[in-house]
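Here's entry_29.cif, which has mmCIF, C-alpha atoms and all ligand atoms:
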data_query
#
loop_
_atom_site.label_atom_id
_atom_site.label_comp_id
_atom_site.auth_asym_id
_atom_site.auth_seq_id
_atom_site.Cartn_x
_atom_site.Cartn_y
_atom_site.Cartn_z
CA MET M 9 0.00 0.00 0.00
CA LEU M 10 2.86 2.38 0.77
CA LYS M 11 4.13 1.81 -2.78
CA ASN M 12 0.89 1.56 -4.77
CA GLY M 13 -1.86 3.10 -2.61
CA THR M 14 -5.07 1.17 -2.05
CA GLN M 15 -5.34 -0.06 -5.65
CA GLY M 16 -3.89 -3.54 -5.33
CA PHE M 17 -3.76 -4.41 -1.64
CA ARG M 18 -6.30 -7.23 -1.74
CA ASN M 19 -4.39 -8.92 -4.52
CA THR M 20 -1.15 -8.92 -2.56
CA VAL M 21 -2.93 -10.01 0.63
CA ALA M 22 -4.58 -12.94 -1.20
CA THR M 23 -1.29 -14.09 -2.67
CA ARG M 24 1.13 -13.36 0.19
CA TYR M 25 -0.85 -13.73 3.44
CA PHE M 26 -1.28 -16.92 5.48
CA THR M 27 -4.30 -17.93 3.38
CA ASP M 28 -2.02 -17.88 0.30
CA ARG M 29 -2.68 -20.78 -2.07
CA ARG M 30 0.16 -19.94 -4.51
CA ASN M 31 -1.15 -20.19 -8.04
CA ASP M 32 -4.26 -21.99 -6.90
CA ASN M 33 -6.31 -19.04 -5.67
CA GLU M 34 -9.32 -19.49 -7.98
CA ALA M 35 -9.58 -23.21 -7.19
CA TYR M 36 -9.23 -22.36 -3.49
CA ILE M 37 -12.18 -19.92 -3.67
CA LYS M 38 -14.29 -22.62 -5.36
CA ARG M 39 -13.29 -25.15 -2.70
CA ILE M 40 -14.20 -22.94 0.27
CA ALA M 41 -17.43 -21.81 -1.44
CA ARG M 42 -18.98 -25.20 -0.69
CA HIS M 43 -19.30 -24.05 2.95
CA VAL M 44 -21.73 -21.30 1.91
CA THR M 45 -25.32 -21.93 0.80
CA ASN M 46 -26.27 -18.52 -0.59
CA ILE M 47 -23.93 -16.76 -3.02
CA ASP M 48 -26.08 -13.81 -4.04
CA MET M 49 -23.78 -10.93 -4.95
CA ASP M 50 -20.59 -9.83 -6.68
CA ASP M 51 -17.72 -8.72 -4.46
CA SER M 52 -16.57 -5.11 -4.52
CA MET M 53 -13.48 -4.59 -6.65
CA PHE M 54 -11.90 -2.28 -4.04
CA GLY M 55 -8.22 -3.26 -3.70
CA ASN M 56 -8.28 -5.47 -6.83
CA PRO M 57 -9.00 -8.89 -5.25
CA VAL M 58 -8.25 -12.28 -6.78
CA THR M 59 -11.67 -13.52 -7.95
CA THR M 60 -13.45 -16.34 -9.70
CA GLU M 61 -17.00 -16.81 -11.01
CA ILE M 62 -19.57 -18.89 -9.09
CA ASN M 63 -23.30 -18.95 -9.90
CA GLY M 64 -22.80 -15.99 -12.23
CA HIS M 65 -21.21 -13.88 -9.45
CA ILE M 66 -17.67 -12.52 -9.15
CA VAL M 67 -16.42 -13.78 -5.80
CA SER M 68 -13.22 -13.63 -3.75
CA GLN M 69 -12.06 -15.63 -0.71
CA ASP M 70 -12.98 -12.67 1.50
CA LEU M 71 -16.53 -12.59 0.14
CA ILE M 72 -16.93 -16.33 0.84
CA ASN M 73 -15.56 -15.94 4.39
CA SER M 74 -17.91 -13.03 5.09
CA MET M 75 -20.94 -14.94 3.77
CA PHE M 76 -19.89 -17.95 5.85
CA GLU M 77 -19.69 -15.81 9.01
CA ILE M 78 -23.07 -14.16 8.37
CA GLU M 79 -24.79 -17.51 7.72
CA ALA M 80 -23.38 -18.75 11.04
CA MET M 81 -24.92 -15.80 12.91
CA ASP M 82 -28.36 -17.29 12.22
CA ILE M 83 -30.35 -14.32 13.49
CA ASP M 84 -33.25 -12.46 11.89
CA PHE M 85 -31.55 -9.38 10.48
CA SER M 86 -34.89 -7.66 9.87
CA ARG M 87 -34.99 -7.29 13.69
CA ILE M 88 -31.41 -6.02 13.95
CA LYS M 89 -31.20 -2.23 13.61
CA SER M 90 -27.60 -1.52 14.52
CA VAL M 91 -24.30 -3.35 14.07
CA CYS M 92 -20.93 -2.38 15.52
CA GLU M 93 -17.86 -4.09 14.11
CA VAL M 94 -14.54 -3.85 15.92
CA GLY M 95 -11.37 -4.28 13.83
CA ALA M 96 -13.21 -4.46 10.51
CA GLY M 97 -10.11 -4.30 8.29
CA TYR M 98 -11.13 -2.78 4.94
CA GLY M 99 -14.77 -3.73 5.64
CA ARG M 100 -15.31 -7.12 3.94
CA THR M 101 -18.02 -8.31 6.40
CA ALA M 102 -19.68 -4.88 6.50
CA TYR M 103 -19.86 -4.98 2.69
CA VAL M 104 -21.95 -8.19 2.66
CA LEU M 105 -24.16 -7.10 5.55
CA LEU M 106 -24.89 -3.66 4.07
CA LYS M 107 -25.60 -5.15 0.61
CA ARG M 108 -28.11 -7.59 2.08
CA PHE M 109 -29.56 -5.37 4.81
CA PRO M 110 -29.34 -1.71 3.75
CA HIS M 111 -31.46 -0.63 6.75
CA LEU M 112 -28.55 -1.33 9.15
CA LYS M 113 -26.94 1.50 11.07
CA TYR M 114 -23.29 0.43 11.04
CA THR M 115 -20.45 1.53 13.33
CA ILE M 116 -16.84 0.56 12.72
CA ILE M 117 -14.22 0.91 15.44
CA ASP M 118 -10.65 0.45 14.34
CA ILE M 119 -7.23 2.08 14.32
CA SER M 120 -5.22 3.47 11.39
CA PRO M 121 -4.59 2.55 8.67
CA ALA M 122 -7.46 0.02 8.60
CA LEU M 123 -10.05 2.60 9.66
CA ASP M 124 -9.16 4.85 6.73
CA LEU M 125 -9.28 1.91 4.33
CA ALA M 126 -12.74 0.92 5.57
CA ARG M 127 -13.93 4.51 5.25
CA GLU M 128 -12.64 4.77 1.66
CA HIS M 129 -14.12 1.38 0.72
CA LEU M 130 -17.54 1.62 2.37
CA THR M 131 -18.37 5.25 1.63
CA LYS M 132 -17.63 4.52 -2.04
CA GLU M 133 -19.78 1.36 -2.11
CA PHE M 134 -22.60 2.72 0.08
CA PRO M 135 -22.75 6.50 -0.34
CA ASN M 136 -26.20 6.67 1.30
CA ALA M 137 -25.66 4.23 4.17
CA ASP M 138 -25.60 5.25 7.84
CA ILE M 139 -21.98 4.38 8.75
CA THR M 140 -19.94 5.85 11.61
CA PHE M 141 -16.17 5.41 11.97
CA LEU M 142 -14.64 5.53 15.47
CA ARG M 143 -11.13 5.05 16.87
CA VAL M 144 -12.02 3.99 20.44
CA PRO M 145 -14.88 2.03 22.02
CA ASP M 146 -18.06 3.94 22.86
CA LYS M 147 -19.31 2.37 26.09
CA SER M 148 -22.81 3.78 25.64
CA LEU M 149 -23.29 2.56 22.07
CA GLY M 150 -25.86 -0.21 22.70
CA ALA M 151 -25.63 -1.87 19.27
CA ASP M 152 -27.93 -4.83 18.59
CA LEU M 153 -25.05 -6.89 17.21
CA TYR M 154 -21.32 -6.63 17.89
CA ILE M 155 -18.85 -8.32 15.54
CA ALA M 156 -15.15 -8.87 16.24
CA ILE M 157 -13.28 -10.97 13.67
CA SER M 158 -9.56 -11.69 14.14
CA VAL M 159 -9.14 -8.72 16.42
CA LEU M 160 -9.67 -9.76 20.06
CA THR M 161 -6.31 -11.54 20.18
CA GLU M 162 -4.62 -8.34 18.94
CA LEU M 163 -5.77 -6.29 21.94
CA SER M 164 -4.05 -5.50 25.22
CA GLU M 165 -5.80 -6.63 28.41
CA LYS M 166 -7.02 -3.07 29.04
CA GLU M 167 -8.40 -2.75 25.49
CA LEU M 168 -10.06 -6.15 25.78
CA ALA M 169 -11.74 -5.12 29.05
CA ASP M 170 -12.92 -1.83 27.50
CA TYR M 171 -14.37 -3.60 24.46
CA PHE M 172 -16.18 -6.18 26.59
CA GLU M 173 -17.66 -3.35 28.65
CA MET M 174 -19.01 -1.93 25.39
CA PHE M 175 -20.28 -5.34 24.19
CA ALA M 176 -22.28 -5.62 27.43
CA THR M 177 -24.47 -2.75 26.16
CA GLY M 178 -25.68 -4.88 23.22
CA LYS M 179 -27.84 -7.88 22.40
CA TYR M 180 -25.52 -10.25 20.51
CA LEU M 181 -21.77 -10.75 20.10
CA TYR M 182 -20.25 -12.75 17.24
CA PHE M 183 -16.49 -13.28 17.19
CA LYS M 184 -13.98 -15.36 15.33
CA ASP M 185 -10.33 -15.84 16.19
CA TRP M 186 -7.27 -18.02 16.52
CA LYS M 187 -7.91 -21.05 18.75
CA SER M 188 -4.83 -20.02 20.64
CA LYS M 189 -2.33 -17.25 20.18
CA VAL M 190 0.47 -15.89 22.37
CA ASN M 191 -0.26 -12.44 23.75
CA PRO M 192 2.84 -10.34 22.91
CA ASP M 193 2.02 -8.02 25.86
CA ASN M 194 2.57 -10.56 28.62
CA GLY M 195 3.44 -13.93 27.03
CA THR M 196 0.16 -15.57 28.14
CA THR M 197 -1.88 -17.57 25.64
CA PHE M 198 -5.15 -16.22 24.33
CA SER M 199 -8.11 -18.54 23.92
CA GLU M 200 -11.84 -18.05 24.29
CA ASP M 201 -11.42 -18.78 28.00
CA SER M 202 -9.15 -15.77 28.43
CA PHE M 203 -11.83 -13.34 27.21
CA PRO M 204 -13.78 -11.61 30.02
CA ILE M 205 -17.15 -13.12 29.06
CA PRO M 206 -19.77 -12.68 31.83
CA SER M 207 -21.30 -16.00 32.92
CA LYS M 208 -24.85 -14.71 32.34
CA TRP M 209 -24.25 -14.35 28.57
CA LYS M 210 -25.70 -17.37 26.75
CA ARG M 211 -23.44 -19.05 24.19
CA MET M 212 -25.49 -19.80 21.06
CA PHE M 213 -22.73 -21.81 19.34
CA LYS M 214 -19.02 -22.38 19.10
CA ARG M 215 -17.46 -24.33 16.22
CA ASP M 216 -14.15 -24.96 14.54
CA ASP M 217 -13.76 -22.92 11.38
CA PRO M 218 -13.62 -25.38 8.45
CA ILE M 219 -12.19 -22.68 6.14
CA THR M 220 -9.36 -21.12 8.15
CA TYR M 221 -7.11 -23.62 9.90
CA ASN M 222 -6.75 -23.09 13.67
CA PHE M 223 -9.66 -20.62 13.89
CA TYR M 224 -13.04 -20.94 15.62
CA ASP M 225 -16.10 -18.74 15.80
CA ALA M 226 -18.70 -18.27 18.51
CA MET M 227 -21.81 -16.27 19.20
CA TYR M 228 -23.36 -15.06 22.44
CA LYS M 229 -26.75 -13.70 23.37
CA ILE M 230 -25.99 -10.87 25.79
CA THR M 231 -29.49 -9.73 26.84
C1 LIG T 301 -6.30 -9.44 11.29
S1 LIG T 301 -7.15 -7.93 10.99
C2 LIG T 301 -8.80 -8.51 10.77
C3 LIG T 301 -9.60 -7.61 9.87
C4 LIG T 301 -11.02 -8.07 9.55
N1 LIG T 301 -11.82 -8.29 10.75
C5 LIG T 301 -10.98 -9.33 8.69
O1 LIG T 301 -11.20 -10.42 9.25
O2 LIG T 301 -10.74 -9.21 7.49
C6 LIG T 301 -7.18 -7.18 12.60
C7 LIG T 301 -7.95 -5.88 12.68
O3 LIG T 301 -7.96 -5.45 14.04
C8 LIG T 301 -7.68 -4.05 14.07
N2 LIG T 301 -7.20 -3.63 15.39
C9 LIG T 301 -5.99 -3.85 15.97
N3 LIG T 301 -5.93 -3.25 17.18
C10 LIG T 301 -7.14 -2.64 17.38
C11 LIG T 301 -7.71 -1.86 18.43
N4 LIG T 301 -7.02 -1.56 19.52
N5 LIG T 301 -8.99 -1.41 18.29
C12 LIG T 301 -9.70 -1.71 17.18
N6 LIG T 301 -9.21 -2.44 16.16
C13 LIG T 301 -7.95 -2.89 16.25
C14 LIG T 301 -6.66 -3.90 12.95
O4 LIG T 301 -6.48 -2.55 12.58
C15 LIG T 301 -7.34 -4.75 11.86
O5 LIG T 301 -8.36 -4.03 11.20
#

Rewritten as structure tokens:
Amino acid sequence: MLKNGTQGFRNTVATRYFTDRRNDNEAYIKRIARHVTNIDMDDSMFGNPVTTEINGHIVSQDLINSMFEIEAMDIDFSRIKSVCEVGAGYGRTAYVLLKRFPHLKYTIIDISPALDLAREHLTKEFPNADITFLRVPDKSLGADLYIAISVLTELSEKELADYFEMFATGKYLYFKDWKSKVNPDNGTTFSEDSFPIPSKWKRMFKRDDPITYNFYDAMYKIT
């Protein structure tokens, strides 16, 4: 990105990140697509992703992962008014949610440079949507649904506590992360058990992620 701006970053991520499948990216997208039942849209071309065609739609591995996460949530989105996503990256999950459910009021909380990427991406794709971009948690937000994908294990203990205080103001929390990861702050190992989840929250599901090795996702009903 420093060299070429935002034009090609999804291409280099797809071919050089840990999900890299060398010259096999299109076949990889087709393979992981079998975990999704409803492929109903083209991906955005922001960042020039590696894509293939499935059911007449232009799809990327990010689009498939986002659809997979949203199918797992298994809630009636017509009853969800507000979503707050922490650590949204360039906004791949927000893209699918806002395409399917344009009524959503969406808040993204992230740090630079991801926050600026998400702003550039989502305001271009959804010029009329109600999207707010924040840099720190808002502990009075009260969103219906909180989403935190591959971010909780990047936070310090203080940040984690602050974010869980904010989540407690909502109705549902969906998160996805490494099954275990060493916390660079203090050398302890992160797992779901190390998150400060109040015992009164009801876990709706927890499963191993069949797409991304060593990941799991889980969802909680908060109130
Ligand atoms: C591995 S990326 C995941 C991005 C996105 N959720 C996805 O799955 O494509 C981690 C994200 O967490 C964000 N992040 C890191 N520290 C954060 C913090 N203190 N508050 C909010 N977001 C943070 C990063 O900027 C980045 O957007």

For atom CA of M:Glu128 and atom O4 of ligand LIG 301 (chain T), the interatomic separation in Å (one decimal):
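Calculated distance between atom CA of M:Glu128 and atom O4 of ligand LIG 301 (chain T) is 14.5 Å.
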
One decimal, in Å: what's the spacing between atom S1 of ligand LIG 301 (chain T) and atom CA of M:Phe17?
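Rounded to one decimal, the two atoms are 13.5 Å apart.
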
Counting only C-alpha atoms, what is within 12 Å of M:Met53, bar same-chain residues fewer than 4 positions away, as a list in words?
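The residues satisfying every condition are Thr14, Gln15, Gly16, Phe17, Arg18, Asn19, Pro57, Val58, Thr59, Ile66, Val67, Ser68, Asp70, Leu71, Tyr98, Arg100, Tyr103, His129, Leu130, Lys132 and Glu133 of chain M.
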
Same residues, C-alpha atoms, saved as a short mmCIF file (atom, residue, chain, number, x, y, z; two decimals), keeping the file's coordinate frame:
data_model
loop_
_atom_site.label_atom_id
_atom_site.label_comp_id
_atom_site.auth_asym_id
_atom_site.auth_seq_id
_atom_site.Cartn_x
_atom_site.Cartn_y
_atom_site.Cartn_z
CA THR M 14 -5.07 1.17 -2.05
CA GLN M 15 -5.34 -0.06 -5.65
CA GLY M 16 -3.89 -3.54 -5.33
CA PHE M 17 -3.76 -4.41 -1.64
CA ARG M 18 -6.30 -7.23 -1.74
CA ASN M 19 -4.39 -8.92 -4.52
CA PRO M 57 -9.00 -8.89 -5.25
CA VAL M 58 -8.25 -12.28 -6.78
CA THR M 59 -11.67 -13.52 -7.95
CA ILE M 66 -17.67 -12.52 -9.15
CA VAL M 67 -16.42 -13.78 -5.80
CA SER M 68 -13.22 -13.63 -3.75
CA ASP M 70 -12.98 -12.67 1.50
CA LEU M 71 -16.53 -12.59 0.14
CA TYR M 98 -11.13 -2.78 4.94
CA ARG M 100 -15.31 -7.12 3.94
CA TYR M 103 -19.86 -4.98 2.69
CA HIS M 129 -14.12 1.38 0.72
CA LEU M 130 -17.54 1.62 2.37
CA LYS M 132 -17.63 4.52 -2.04
CA GLU M 133 -19.78 1.36 -2.11
#

Using only C-alpha atoms, which protein or nucleic acid residues come within 8 Å of M:Asp225? Drop anything in the same chain fewer than 5 positions from it, and give the result as a list in words.
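Contacts, with the query itself left out: Tyr182, Phe183, Lys184, Asp185, Lys214, Arg215, Asp216 and Asp217 of chain M.
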
With only C-alpha atoms and all ligand atoms counted, collect every polymer residue having an atom within 6 Å of ligand LIG 301 (chain T); state the result as a ChimeraX atom specification.
/M:94-97,117-119,122,157-159,162-163

Within 7 Å of (-31.3, -9.3, 17.0), in the coordinates the file gives, what residues turn up when you count only C-alpha atoms, written out as JSON, numbers by chain?
{"M": [83, 84, 85, 87, 88, 152, 153, 179, 180]}

Using all atoms listed in the file for the distances, tell me which of M:Lys11, M:Lys107, M:Lys113, M:Lys147 is nearest to M:Phe134.
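Under the stated criterion, the closest residue is M:Lys107.
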
Work out how far apart atom CA of M:Phe54 and atom CA of M:Pro135 are and give it in Å to one decimal.
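These two atoms are separated by 14.4 Å.
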
Of M:Ala41, M:Ala126, M:Cys92, M:Met75, the one nearest to M:Ala151 when counting only C-alpha atoms is M:Cys92

Just checking: using only C-alpha atoms, which residue out of M:Asp170, M:Asp51, M:Asp201, M:Asp124 ends up closest to M:Asn73?
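The closest residue to M:Asn73 is M:Asp51.
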
Quick one: of M:Thr23, M:Asn33, M:Ser199, M:Thr45, who's nearest to M:Trp186, counting only C-alpha atoms?
M:Ser199

What lies within 7 Å of M:Glu93 using all atoms listed in the file, ignoring chain neighbours under 6 positions off, as a count of residues only?
6

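Closest approach to M:Leu106 among M:Met174, M:Ile78, M:Leu123, M:Ile230 is made by M:Ile78 (distances from all atoms listed in the file).
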
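Checking M:Pro145, M:Pro110, M:Gly150, M:Gly99 one by one against M:Arg127, counting all atoms listed in the file, you find the shortest gap at M:Gly99.
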
Edge lengths and centre in Å to one decimal, as AutoDock Vina command-line options, of the axis-aligned box that encloses all listed atoms of stretch 64-76 of chain M with 5 Å added on every side?
--center_x -17.4 --center_y -15.2 --center_z -3.2 --size_x 20.7 --size_y 15.4 --size_z 28.1

Shell around M:Pro204 at 10 Å using all atoms listed in the file, local window under 6 positions removed, as an mmCIF file with C-alpha atoms, keeping the file's coordinate frame:
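Output file around-v5.cif follows:
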data_model
loop_
_atom_site.group_PDB
_atom_site.id
_atom_site.type_symbol
_atom_site.label_atom_id
_atom_site.label_comp_id
_atom_site.auth_asym_id
_atom_site.auth_seq_id
_atom_site.Cartn_x
_atom_site.Cartn_y
_atom_site.Cartn_z
ATOM 1 C CA GLU M 165 -5.800 -6.630 28.410
ATOM 2 C CA LEU M 168 -10.060 -6.150 25.780
ATOM 3 C CA ALA M 169 -11.740 -5.120 29.050
ATOM 4 C CA TYR M 171 -14.370 -3.600 24.460
ATOM 5 C CA PHE M 172 -16.180 -6.180 26.590
ATOM 6 C CA GLU M 173 -17.660 -3.350 28.650
#
